[in-house]
Structure formats: structure tokens, C-alpha cells
$ cat run-v3.txt   # compact mmCIF, C-alpha atoms
# COMPACT_ATOMS: atom_id res chain seq x y z
CA ILE Z 1 18.99 1.15 7.84
CA ALA Z 2 15.83 2.85 9.02
CA GLY Z 3 12.52 1.20 8.21
CA ILE Z 4 12.36 -0.82 5.02
CA THR Z 5 14.99 -0.84 2.31
CA GLN Z 6 14.44 -2.20 -1.17
CA ALA Z 7 17.07 -2.86 -3.83
CA PRO Z 8 17.49 -2.12 -6.61
CA THR Z 9 15.60 1.17 -6.99
CA SER Z 10 15.06 0.46 -10.66
CA GLN Z 11 16.05 -2.21 -13.16
CA ILE Z 12 15.66 -2.95 -16.85
CA LEU Z 13 15.60 -6.71 -17.37
CA ALA Z 14 15.60 -8.85 -20.49
CA ALA Z 15 12.68 -11.24 -20.81
CA GLY Z 16 13.55 -14.74 -19.67
CA ARG Z 17 16.14 -13.58 -17.15
CA ARG Z 18 15.98 -14.39 -13.45
CA MET Z 19 15.80 -11.48 -11.00
CA THR Z 20 15.62 -11.13 -7.23
CA LEU Z 21 14.25 -7.99 -5.62
CA ARG Z 22 15.63 -7.50 -2.15
CA CYS Z 23 13.76 -6.21 0.90
CA THR Z 24 15.17 -5.71 4.39
CA GLN Z 25 13.50 -4.24 7.48
CA ASP Z 26 14.98 -3.31 10.83
CA MET Z 27 11.77 -2.94 12.86
CA ARG Z 28 11.56 -6.63 13.85
CA HIS Z 29 8.11 -6.86 12.30
CA ASN Z 30 6.83 -10.39 11.95
CA ALA Z 31 4.72 -9.79 8.84
CA MET Z 32 6.11 -8.81 5.45
CA TYR Z 33 4.45 -8.37 2.09
CA TRP Z 34 5.20 -7.86 -1.59
CA TYR Z 35 2.83 -5.76 -3.70
CA ARG Z 36 2.90 -4.65 -7.30
CA GLN Z 37 1.45 -1.33 -8.43
CA ASP Z 38 0.10 -0.94 -11.94
CA LEU Z 39 -1.64 2.03 -13.52
CA GLY Z 40 -5.40 1.64 -13.35
CA LEU Z 41 -5.19 -1.45 -11.14
CA GLY Z 42 -3.70 -0.06 -7.95
CA LEU Z 43 -1.65 -2.15 -5.55
CA ARG Z 44 -2.10 -5.92 -5.48
CA LEU Z 45 -0.66 -8.48 -3.08
CA ILE Z 46 1.81 -10.94 -4.60
CA HIS Z 47 3.06 -12.94 -1.58
CA TYR Z 48 3.16 -12.49 2.16
CA SER Z 49 4.88 -13.93 5.21
CA ASN Z 50 3.40 -13.80 8.71
CA THR Z 51 6.59 -14.97 10.38
CA ALA Z 52 10.05 -16.25 9.53
CA GLY Z 53 9.84 -19.66 7.87
CA THR Z 54 6.30 -19.25 6.51
CA THR Z 55 4.96 -17.70 3.31
CA GLY Z 56 1.61 -17.45 1.57
CA LYS Z 57 0.19 -16.56 -1.82
CA GLY Z 58 -1.63 -13.31 -2.45
CA GLU Z 59 -3.86 -12.16 -5.29
CA VAL Z 60 -1.26 -12.33 -8.11
CA PRO Z 61 1.42 -14.90 -7.17
CA ASP Z 62 2.06 -16.54 -10.56
CA GLY Z 63 5.61 -16.10 -11.84
CA TYR Z 64 6.92 -15.01 -8.43
CA SER Z 65 8.42 -16.82 -5.46
CA VAL Z 66 9.50 -15.65 -2.01
CA SER Z 67 11.45 -16.95 0.94
CA ARG Z 68 11.65 -15.87 4.57
CA ALA Z 69 14.77 -17.34 6.13
CA ASN Z 70 14.86 -14.74 8.91
CA THR Z 71 12.77 -11.89 10.33
CA ASP Z 72 14.55 -9.08 8.49
CA ASP Z 73 14.72 -10.23 4.86
CA PHE Z 74 11.98 -11.07 2.37
CA PRO Z 75 13.34 -11.40 -1.19
CA LEU Z 76 11.05 -11.69 -4.21
CA THR Z 77 12.27 -13.76 -7.17
CA LEU Z 78 11.11 -13.70 -10.75
CA ALA Z 79 12.31 -17.03 -12.13
CA SER Z 80 11.89 -16.12 -15.81
CA ALA Z 81 10.75 -12.54 -16.31
CA VAL Z 82 8.01 -11.64 -18.79
CA PRO Z 83 6.95 -8.17 -20.02
CA SER Z 84 3.68 -8.34 -18.02
CA GLN Z 85 5.82 -8.24 -14.88
CA THR Z 86 6.82 -4.67 -15.73
CA SER Z 87 5.58 -2.80 -12.67
CA VAL Z 88 6.55 -0.95 -9.53
CA TYR Z 89 7.12 -3.36 -6.66
CA PHE Z 90 6.64 -2.39 -3.03
CA CYS Z 91 7.73 -4.35 -0.01
CA ALA Z 92 5.88 -3.67 3.25
CA SER Z 93 5.89 -4.84 6.84
CA SER Z 94 3.70 -4.69 9.91
CA ASP Z 95 3.47 -6.23 13.34
CA SER Z 96 1.44 -9.42 12.98
CA GLY Z 97 0.29 -9.47 16.59
CA GLN Z 98 -3.37 -9.18 17.58
CA GLY Z 99 -3.15 -5.39 17.55
CA ARG Z 100 -1.67 -4.97 14.15
CA THR Z 101 0.37 -1.86 13.53
CA GLU Z 102 0.15 0.42 10.57
CA ALA Z 103 1.89 -0.74 7.45
CA PHE Z 104 5.37 0.49 6.56
CA PHE Z 105 6.42 0.52 2.91
CA GLY Z 106 9.74 0.50 1.14
CA GLN Z 107 10.50 3.12 -1.49
CA GLY Z 108 9.67 0.79 -4.35
CA THR Z 109 11.52 -0.96 -7.18
CA ARG Z 110 10.64 0.08 -10.72
CA LEU Z 111 11.12 -2.98 -12.95
CA THR Z 112 10.91 -2.91 -16.73
CA VAL Z 113 11.00 -6.23 -18.58
CA VAL Z 114 11.87 -5.88 -22.25
CA LYS E 1 -14.31 -10.55 -4.98
CA ASN E 2 -13.82 -8.14 -2.09
CA GLU E 3 -13.76 -4.59 -3.45
CA VAL E 4 -12.51 -1.28 -2.12
CA GLU E 5 -14.05 1.68 -3.91
CA GLN E 6 -12.71 5.22 -3.66
CA SER E 7 -14.22 8.47 -4.82
CA PRO E 8 -13.49 10.74 -6.45
CA GLN E 9 -10.77 9.29 -8.70
CA ASN E 10 -9.40 12.78 -9.40
CA LEU E 11 -9.87 16.02 -7.48
CA THR E 12 -8.51 19.49 -8.20
CA ALA E 13 -9.10 22.20 -5.62
CA GLN E 14 -7.83 25.62 -4.62
CA GLU E 15 -5.49 26.19 -1.71
CA GLY E 16 -7.41 26.52 1.53
CA GLU E 17 -10.37 24.38 0.52
CA PHE E 18 -11.73 21.57 2.69
CA ILE E 19 -11.12 18.23 1.00
CA THR E 20 -13.05 14.97 1.45
CA ILE E 21 -12.07 11.62 -0.04
CA ASN E 22 -14.39 8.65 0.41
CA CYS E 23 -13.79 4.92 0.67
CA SER E 24 -16.28 2.07 0.82
CA TYR E 25 -15.70 -1.65 1.17
CA SER E 26 -17.80 -4.75 0.83
CA VAL E 27 -17.31 -7.08 3.81
CA GLY E 28 -16.13 -7.02 7.40
CA ILE E 29 -12.67 -5.69 8.08
CA SER E 30 -10.26 -5.69 11.00
CA ALA E 31 -8.60 -2.40 10.02
CA LEU E 32 -8.65 0.34 7.39
CA HIS E 33 -5.58 2.30 6.32
CA TRP E 34 -5.22 5.65 4.60
CA LEU E 35 -1.97 6.00 2.67
CA GLN E 36 -0.31 8.86 0.81
CA GLN E 37 1.87 8.58 -2.28
CA HIS E 38 3.63 11.55 -3.85
CA PRO E 39 4.49 11.41 -7.59
CA GLY E 40 7.38 9.04 -8.12
CA GLY E 41 7.61 8.54 -4.41
CA GLY E 42 7.10 5.93 -1.80
CA ILE E 43 3.98 5.15 0.18
CA VAL E 44 3.44 6.60 3.63
CA SER E 45 0.83 5.42 6.11
CA LEU E 46 -1.34 8.29 7.37
CA PHE E 47 -3.86 6.47 9.55
CA MET E 48 -4.92 3.03 10.64
CA LEU E 49 -8.54 2.85 11.88
CA SER E 50 -10.76 0.15 13.26
CA SER E 51 -13.46 2.47 14.64
CA GLY E 52 -14.31 6.11 15.23
CA LYS E 53 -12.10 9.00 14.22
CA LYS E 54 -8.45 9.99 14.23
CA LYS E 55 -6.81 13.38 13.71
CA HIS E 56 -3.25 14.29 12.83
CA GLY E 57 -2.54 17.93 12.11
CA ARG E 58 -4.83 19.00 9.25
CA LEU E 59 -5.82 15.44 8.43
CA ILE E 60 -8.88 13.72 9.85
CA ALA E 61 -9.98 10.15 9.16
CA THR E 62 -13.33 8.67 10.14
CA ILE E 63 -14.84 5.24 9.77
CA ASN E 64 -18.41 3.92 10.04
CA ILE E 65 -18.20 0.18 10.51
CA GLN E 66 -21.94 -0.41 10.07
CA GLU E 67 -22.03 1.44 6.76
CA LYS E 68 -18.64 0.05 5.65
CA HIS E 69 -17.44 3.54 4.79
CA SER E 70 -14.51 5.77 5.65
CA SER E 71 -13.61 9.36 4.81
CA LEU E 72 -10.33 11.24 4.78
CA HIS E 73 -10.61 14.99 5.28
CA ILE E 74 -7.96 17.64 4.73
CA THR E 75 -8.59 21.05 6.29
CA ALA E 76 -6.95 24.25 4.97
CA SER E 77 -5.48 22.36 2.01
CA HIS E 78 -2.05 23.33 0.71
CA PRO E 79 -0.21 22.56 -2.57
CA ARG E 80 2.09 20.20 -0.67
CA ASP E 81 -0.98 18.03 0.00
CA SER E 82 -1.03 17.19 -3.72
CA ALA E 83 -0.58 13.43 -3.91
CA VAL E 84 -2.42 10.18 -4.46
CA TYR E 85 -4.42 9.08 -1.43
CA ILE E 86 -5.07 5.36 -1.14
CA CYS E 87 -7.55 3.54 1.03
CA ALA E 88 -6.66 -0.04 1.99
CA VAL E 89 -8.41 -2.61 4.19
CA ARG E 90 -7.43 -5.75 5.98
CA TYR E 91 -10.32 -8.19 5.65
CA ARG E 92 -11.32 -10.41 8.55
CA GLY E 93 -10.76 -14.08 7.82
CA GLY E 94 -9.29 -13.60 4.38
CA ALA E 95 -5.78 -14.01 3.06
CA ASP E 96 -3.28 -11.82 4.81
CA GLY E 97 -2.19 -8.45 3.49
CA LEU E 98 -4.10 -5.37 2.42
CA THR E 99 -6.67 -4.86 -0.32
CA PHE E 100 -6.34 -1.44 -1.92
CA GLY E 101 -8.56 1.07 -3.60
CA LYS E 102 -7.31 2.53 -6.86
CA GLY E 103 -6.47 5.84 -5.23
CA THR E 104 -7.60 9.45 -5.44
CA HIS E 105 -5.32 11.81 -7.34
CA LEU E 106 -5.49 15.16 -5.51
CA ILE E 107 -4.11 18.43 -6.90
CA ILE E 108 -4.19 21.57 -4.78
CA GLN E 109 -3.61 24.71 -6.82
CA PRO E 110 -2.09 27.83 -5.25

$ encode --input "run-v3.txt" --output "C-alpha cells"
Amino acid sequence: IAGITQAPTSQILAAGRRMTLRCTQDMRHNAMYWYRQDLGLGLRLIHYSNTAGTTGKGEVPDGYSVSRANTDDFPLTLASAVPSQTSVYFCASSDSGQGRTEAFFGQGTRLTVV
Amino acid sequence: KNEVEQSPQNLTAQEGEFITINCSYSVGISALHWLQQHPGGGIVSLFMLSSGKKKHGRLIATINIQEKHSSLHITASHPRDSAVYICAVRYRGGADGLTFGKGTHLIIQP
């Protein structure tokens, strides 16, 4: 693994189903983020975690949950998917120290809810 | 709501032209990022700025903290520079994470 890895790359999901998007980083970054990217709206923050064991809500958290059991992994769960959650999801990480590093992004997960 | 505005939204230019993309934001920030996204591709960080100017190859990024404005310049543009360029800021004192502009879609024609 080099950088950030997301899985799956793409998924078609029936409405009402539960889905977990996986994100793993090997850079030992403290901070991790989930964003969704929608045409005309750009990227928006869903949830974040500044360090293992803590999480916070971003701009569009409804319908999503996250956990941060360790430094490397930051899964995003859709408990009951709805069509409005069709989007491209990006996981990102950065060093959460005082001199924050640039942001590193995963390759994205394209999710279609039908 | 804290806004990040980019201009232009779309830009088509000829190979070799000097390109400028602008970004303005509304309140104090701790850092500004310029990102690049190729069609269907991932997002790559080009620069992180908190003051002044940075240069990497043909790319130059500047920021004016007082005017709350940043520019990304591309010298001697090439078709491989065609991509979406996204400005993002980390606000001081706000929720964590980045706030993004909607992106500038750049096409460089041979």
C-alpha cells in the first residue's frame, strides 16, 4: 500500500441496503476525512477524524457514520442507502500537527444508489 | 456560510499560453491548497500555501492574505495540463477539513 487506498472503486447499490466504504492509509497521518463530490457542488466534507478514537461531523453528515479504531483505517458507512447518496466519495488524510501537511487523497469510490 | 469562489469556471486555451486561475475566500484561513483532478481520476495536491509564493516546474501559486485571494499560474501550457483545478482552504477556528471551490475546468488545445 502506498498512500491512501479506497475500496471498492465503484459500486451499484440498491436503495435501503447498508454499505461500508473502506479507506486505509500507510502514512501514519493523524487526520482523516471523507468527502463527497457532486457535479455543480464540488467536494463537501462528510465526517472527519483528528486522531484515532475521535470523529467529528462535517458539512453533510446525515445518513453517514464513521469510526476510527486505529490510525490507518477510516471506514464510512451508509446505514440505509438512498438515491441522493449517489456520488463519488473521496477519503483523504493529512498530518494534524501544528504545521499541517498537504492533503493526500484516495482514488475515489463511485457509488450509485438505485 | 464560508465560501470559496474560483474563476473562471471553464477555460480553453492554446498550447503555450500563460494560464491564470483565481481563488477568493471570505474569512481567515490557516492554509490554502491547490489541487488537480484529471477526468475520471483521483485528486492530487499541487501546493499548500499559507503566505507568499511557491513554484514547482511550470506551476506557480501565490497568495495574498490581506486580500483573501490566491492565483494558480501555468507557464508554457501543454495539453497534459488539461484537468480540473480546485482551490481549497482550511479555515481558522472552524470545523476541521477543507472547504472547496467548485473547480476550474481547463482545456489546453494543441

$ atom_distance --input "run-v3.txt" --atom1 "atom CA of Gln6 of chain Z" --atom2 "atom CA of Ile107 of chain E"
28.3 Å

$ residues_around --input "run-v3.txt" --residues "segment 34-46 of chain E" --least-positions-apart "4" --cutoff "9 Å" --atoms "only C-alpha atoms" --output "mmCIF file with C-alpha atoms, keeping the file's coordinate frame"
data_model
loop_
_atom_site.group_PDB
_atom_site.id
_atom_site.type_symbol
_atom_site.label_atom_id
_atom_site.label_comp_id
_atom_site.auth_asym_id
_atom_site.auth_seq_id
_atom_site.Cartn_x
_atom_site.Cartn_y
_atom_site.Cartn_z
ATOM 1 C CA PHE Z 90 6.640 -2.390 -3.030
ATOM 2 C CA GLU Z 102 0.150 0.420 10.570
ATOM 3 C CA ALA Z 103 1.890 -0.740 7.450
ATOM 4 C CA PHE Z 104 5.370 0.490 6.560
ATOM 5 C CA PHE Z 105 6.420 0.520 2.910
ATOM 6 C CA GLY Z 106 9.740 0.500 1.140
ATOM 7 C CA GLN Z 107 10.500 3.120 -1.490
ATOM 8 C CA GLY Z 108 9.670 0.790 -4.350
ATOM 9 C CA HIS E 56 -3.250 14.290 12.830
ATOM 10 C CA LEU E 59 -5.820 15.440 8.430
ATOM 11 C CA ALA E 61 -9.980 10.150 9.160
ATOM 12 C CA LEU E 72 -10.330 11.240 4.780
ATOM 13 C CA ASP E 81 -0.980 18.030 0.000
ATOM 14 C CA SER E 82 -1.030 17.190 -3.720
ATOM 15 C CA ALA E 83 -0.580 13.430 -3.910
ATOM 16 C CA VAL E 84 -2.420 10.180 -4.460
ATOM 17 C CA TYR E 85 -4.420 9.080 -1.430
ATOM 18 C CA ILE E 86 -5.070 5.360 -1.140
ATOM 19 C CA CYS E 87 -7.550 3.540 1.030
ATOM 20 C CA ALA E 88 -6.660 -0.040 1.990
ATOM 21 C CA VAL E 89 -8.410 -2.610 4.190
#

$ residues_around --input "run-v3.txt" --residues "Phe74 of chain Z" --least-positions-apart "3" --cutoff "9 Å" --atoms "all atoms listed in the file" --output "JSON, numbers by chain"
{"Z": [21, 22, 23, 24, 25, 32, 33, 34, 48, 49, 66, 67, 68, 69, 70, 71, 91]}

$ interface_residues --input "run-v3.txt" --of "chain Z" --to "chain E" --cutoff "12 Å" --atoms "only C-alpha atoms" --output "PDB file with C-alpha atoms, in the coordinates of the input"
ATOM      1  CA  GLY Z   3      12.520   1.200   8.210  1.00  0.00           C
ATOM      2  CA  ILE Z   4      12.360  -0.820   5.020  1.00  0.00           C
ATOM      3  CA  THR Z   5      14.990  -0.840   2.310  1.00  0.00           C
ATOM      4  CA  GLN Z   6      14.440  -2.200  -1.170  1.00  0.00           C
ATOM      5  CA  THR Z   9      15.600   1.170  -6.990  1.00  0.00           C
ATOM      6  CA  SER Z  10      15.060   0.460 -10.660  1.00  0.00           C
ATOM      7  CA  ALA Z  31       4.720  -9.790   8.840  1.00  0.00           C
ATOM      8  CA  MET Z  32       6.110  -8.810   5.450  1.00  0.00           C
ATOM      9  CA  TYR Z  33       4.450  -8.370   2.090  1.00  0.00           C
ATOM     10  CA  TRP Z  34       5.200  -7.860  -1.590  1.00  0.00           C
ATOM     11  CA  TYR Z  35       2.830  -5.760  -3.700  1.00  0.00           C
ATOM     12  CA  ARG Z  36       2.900  -4.650  -7.300  1.00  0.00           C
ATOM     13  CA  GLN Z  37       1.450  -1.330  -8.430  1.00  0.00           C
ATOM     14  CA  ASP Z  38       0.100  -0.940 -11.940  1.00  0.00           C
ATOM     15  CA  LEU Z  39      -1.640   2.030 -13.520  1.00  0.00           C
ATOM     16  CA  GLY Z  40      -5.400   1.640 -13.350  1.00  0.00           C
ATOM     17  CA  LEU Z  41      -5.190  -1.450 -11.140  1.00  0.00           C
ATOM     18  CA  GLY Z  42      -3.700  -0.060  -7.950  1.00  0.00           C
ATOM     19  CA  LEU Z  43      -1.650  -2.150  -5.550  1.00  0.00           C
ATOM     20  CA  ARG Z  44      -2.100  -5.920  -5.480  1.00  0.00           C
ATOM     21  CA  LEU Z  45      -0.660  -8.480  -3.080  1.00  0.00           C
ATOM     22  CA  ILE Z  46       1.810 -10.940  -4.600  1.00  0.00           C
ATOM     23  CA  HIS Z  47       3.060 -12.940  -1.580  1.00  0.00           C
ATOM     24  CA  TYR Z  48       3.160 -12.490   2.160  1.00  0.00           C
ATOM     25  CA  SER Z  49       4.880 -13.930   5.210  1.00  0.00           C
ATOM     26  CA  ASN Z  50       3.400 -13.800   8.710  1.00  0.00           C
ATOM     27  CA  THR Z  51       6.590 -14.970  10.380  1.00  0.00           C
ATOM     28  CA  THR Z  55       4.960 -17.700   3.310  1.00  0.00           C
ATOM     29  CA  GLY Z  56       1.610 -17.450   1.570  1.00  0.00           C
ATOM     30  CA  LYS Z  57       0.190 -16.560  -1.820  1.00  0.00           C
ATOM     31  CA  GLY Z  58      -1.630 -13.310  -2.450  1.00  0.00           C
ATOM     32  CA  GLU Z  59      -3.860 -12.160  -5.290  1.00  0.00           C
ATOM     33  CA  VAL Z  88       6.550  -0.950  -9.530  1.00  0.00           C
ATOM     34  CA  TYR Z  89       7.120  -3.360  -6.660  1.00  0.00           C
ATOM     35  CA  PHE Z  90       6.640  -2.390  -3.030  1.00  0.00           C
ATOM     36  CA  CYS Z  91       7.730  -4.350  -0.010  1.00  0.00           C
ATOM     37  CA  ALA Z  92       5.880  -3.670   3.250  1.00  0.00           C
ATOM     38  CA  SER Z  93       5.890  -4.840   6.840  1.00  0.00           C
ATOM     39  CA  SER Z  94       3.700  -4.690   9.910  1.00  0.00           C
ATOM     40  CA  ASP Z  95       3.470  -6.230  13.340  1.00  0.00           C
ATOM     41  CA  SER Z  96       1.440  -9.420  12.980  1.00  0.00           C
ATOM     42  CA  GLN Z  98      -3.370  -9.180  17.580  1.00  0.00           C
ATOM     43  CA  GLY Z  99      -3.150  -5.390  17.550  1.00  0.00           C
ATOM     44  CA  ARG Z 100      -1.670  -4.970  14.150  1.00  0.00           C
ATOM     45  CA  THR Z 101       0.370  -1.860  13.530  1.00  0.00           C
ATOM     46  CA  GLU Z 102       0.150   0.420  10.570  1.00  0.00           C
ATOM     47  CA  ALA Z 103       1.890  -0.740   7.450  1.00  0.00           C
ATOM     48  CA  PHE Z 104       5.370   0.490   6.560  1.00  0.00           C
ATOM     49  CA  PHE Z 105       6.420   0.520   2.910  1.00  0.00           C
ATOM     50  CA  GLY Z 106       9.740   0.500   1.140  1.00  0.00           C
ATOM     51  CA  GLN Z 107      10.500   3.120  -1.490  1.00  0.00           C
ATOM     52  CA  GLY Z 108       9.670   0.790  -4.350  1.00  0.00           C
ATOM     53  CA  THR Z 109      11.520  -0.960  -7.180  1.00  0.00           C
ATOM     54  CA  ARG Z 110      10.640   0.080 -10.720  1.00  0.00           C
TER      55      ARG Z 110
END

$ atom_distance --input "run-v3.txt" --atom1 "atom CA of Leu11 of chain E" --atom2 "atom CA of Tyr25 of chain E"
20.5 Å

$ build_atoms --input "run-v3.txt" --residues "segment 86-97 of chain Z" --atoms "all heavy atoms" --output "JSON list (two decimals), keeping the file's coordinate frame"
[["chain", "number", "residue", "atom", "x", "y", "z"],
["Z", 86, "THR", "N", 6.42, -6.07, -15.82],
["Z", 86, "THR", "CA", 6.82, -4.67, -15.73],
["Z", 86, "THR", "C", 5.87, -3.96, -14.77],
["Z", 86, "THR", "O", 4.65, -3.97, -14.97],
["Z", 86, "THR", "CB", 6.77, -4.01, -17.11],
["Z", 86, "THR", "OG1", 7.77, -4.60, -17.94],
["Z", 86, "THR", "CG2", 6.99, -2.50, -17.01],
["Z", 87, "SER", "N", 6.41, -3.37, -13.72],
["Z", 87, "SER", "CA", 5.58, -2.80, -12.67],
["Z", 87, "SER", "C", 6.47, -2.09, -11.67],
["Z", 87, "SER", "O", 7.70, -2.12, -11.77],
["Z", 87, "SER", "CB", 4.80, -3.93, -11.97],
["Z", 87, "SER", "OG", 3.85, -3.40, -11.06],
["Z", 88, "VAL", "N", 5.83, -1.46, -10.70],
["Z", 88, "VAL", "CA", 6.55, -0.95, -9.53],
["Z", 88, "VAL", "C", 6.23, -1.89, -8.36],
["Z", 88, "VAL", "O", 5.06, -2.13, -8.07],
["Z", 88, "VAL", "CB", 6.16, 0.49, -9.18],
["Z", 88, "VAL", "CG1", 6.97, 0.97, -7.98],
["Z", 88, "VAL", "CG2", 6.39, 1.41, -10.38],
["Z", 89, "TYR", "N", 7.27, -2.39, -7.73],
["Z", 89, "TYR", "CA", 7.12, -3.36, -6.66],
["Z", 89, "TYR", "C", 7.40, -2.72, -5.31],
["Z", 89, "TYR", "O", 8.41, -2.05, -5.13],
["Z", 89, "TYR", "CB", 8.07, -4.54, -6.89],
["Z", 89, "TYR", "CG", 7.69, -5.36, -8.08],
["Z", 89, "TYR", "CD1", 8.13, -5.01, -9.36],
["Z", 89, "TYR", "CD2", 6.88, -6.48, -7.95],
["Z", 89, "TYR", "CE1", 7.76, -5.74, -10.47],
["Z", 89, "TYR", "CE2", 6.51, -7.23, -9.06],
["Z", 89, "TYR", "CZ", 6.95, -6.84, -10.32],
["Z", 89, "TYR", "OH", 6.58, -7.58, -11.41],
["Z", 90, "PHE", "N", 6.48, -2.93, -4.38],
["Z", 90, "PHE", "CA", 6.64, -2.39, -3.03],
["Z", 90, "PHE", "C", 6.68, -3.53, -2.02],
["Z", 90, "PHE", "O", 5.82, -4.42, -2.03],
["Z", 90, "PHE", "CB", 5.48, -1.46, -2.67],
["Z", 90, "PHE", "CG", 5.55, -0.13, -3.36],
["Z", 90, "PHE", "CD1", 4.85, 0.09, -4.53],
["Z", 90, "PHE", "CD2", 6.31, 0.91, -2.82],
["Z", 90, "PHE", "CE1", 4.91, 1.31, -5.18],
["Z", 90, "PHE", "CE2", 6.37, 2.13, -3.46],
["Z", 90, "PHE", "CZ", 5.68, 2.33, -4.64],
["Z", 91, "CYS", "N", 7.65, -3.47, -1.15],
["Z", 91, "CYS", "CA", 7.73, -4.35, -0.01],
["Z", 91, "CYS", "C", 7.15, -3.61, 1.19],
["Z", 91, "CYS", "O", 7.30, -2.38, 1.30],
["Z", 91, "CYS", "CB", 9.19, -4.72, 0.26],
["Z", 91, "CYS", "SG", 9.47, -5.81, 1.65],
["Z", 92, "ALA", "N", 6.47, -4.30, 2.07],
["Z", 92, "ALA", "CA", 5.88, -3.67, 3.25],
["Z", 92, "ALA", "C", 6.00, -4.60, 4.44],
["Z", 92, "ALA", "O", 6.21, -5.81, 4.29],
["Z", 92, "ALA", "CB", 4.41, -3.32, 3.00],
["Z", 93, "SER", "N", 5.86, -4.02, 5.63],
["Z", 93, "SER", "CA", 5.89, -4.84, 6.84],
["Z", 93, "SER", "C", 4.93, -4.28, 7.87],
["Z", 93, "SER", "O", 4.53, -3.11, 7.80],
["Z", 93, "SER", "CB", 7.31, -4.89, 7.44],
["Z", 93, "SER", "OG", 7.63, -3.66, 8.06],
["Z", 94, "SER", "N", 4.51, -5.13, 8.78],
["Z", 94, "SER", "CA", 3.70, -4.69, 9.91],
["Z", 94, "SER", "C", 3.86, -5.71, 11.03],
["Z", 94, "SER", "O", 4.33, -6.82, 10.82],
["Z", 94, "SER", "CB", 2.23, -4.55, 9.53],
["Z", 94, "SER", "OG", 1.66, -5.81, 9.24],
["Z", 95, "ASP", "N", 3.46, -5.33, 12.22],
["Z", 95, "ASP", "CA", 3.47, -6.23, 13.34],
["Z", 95, "ASP", "C", 2.30, -7.18, 13.18],
["Z", 95, "ASP", "O", 1.17, -6.73, 13.00],
["Z", 95, "ASP", "CB", 3.33, -5.43, 14.64],
["Z", 95, "ASP", "CG", 3.46, -6.30, 15.88],
["Z", 95, "ASP", "OD1", 3.42, -7.54, 15.76],
["Z", 95, "ASP", "OD2", 3.62, -5.74, 16.96],
["Z", 96, "SER", "N", 2.52, -8.46, 13.23],
["Z", 96, "SER", "CA", 1.44, -9.42, 12.98],
["Z", 96, "SER", "C", 0.77, -9.88, 14.27],
["Z", 96, "SER", "O", 0.08, -10.87, 14.28],
["Z", 96, "SER", "CB", 1.97, -10.63, 12.22],
["Z", 96, "SER", "OG", 2.89, -11.35, 13.02],
["Z", 97, "GLY", "N", 0.97, -9.14, 15.35],
["Z", 97, "GLY", "CA", 0.29, -9.47, 16.59],
["Z", 97, "GLY", "C", -1.19, -9.14, 16.49],
["Z", 97, "GLY", "O", -1.68, -8.66, 15.49]]
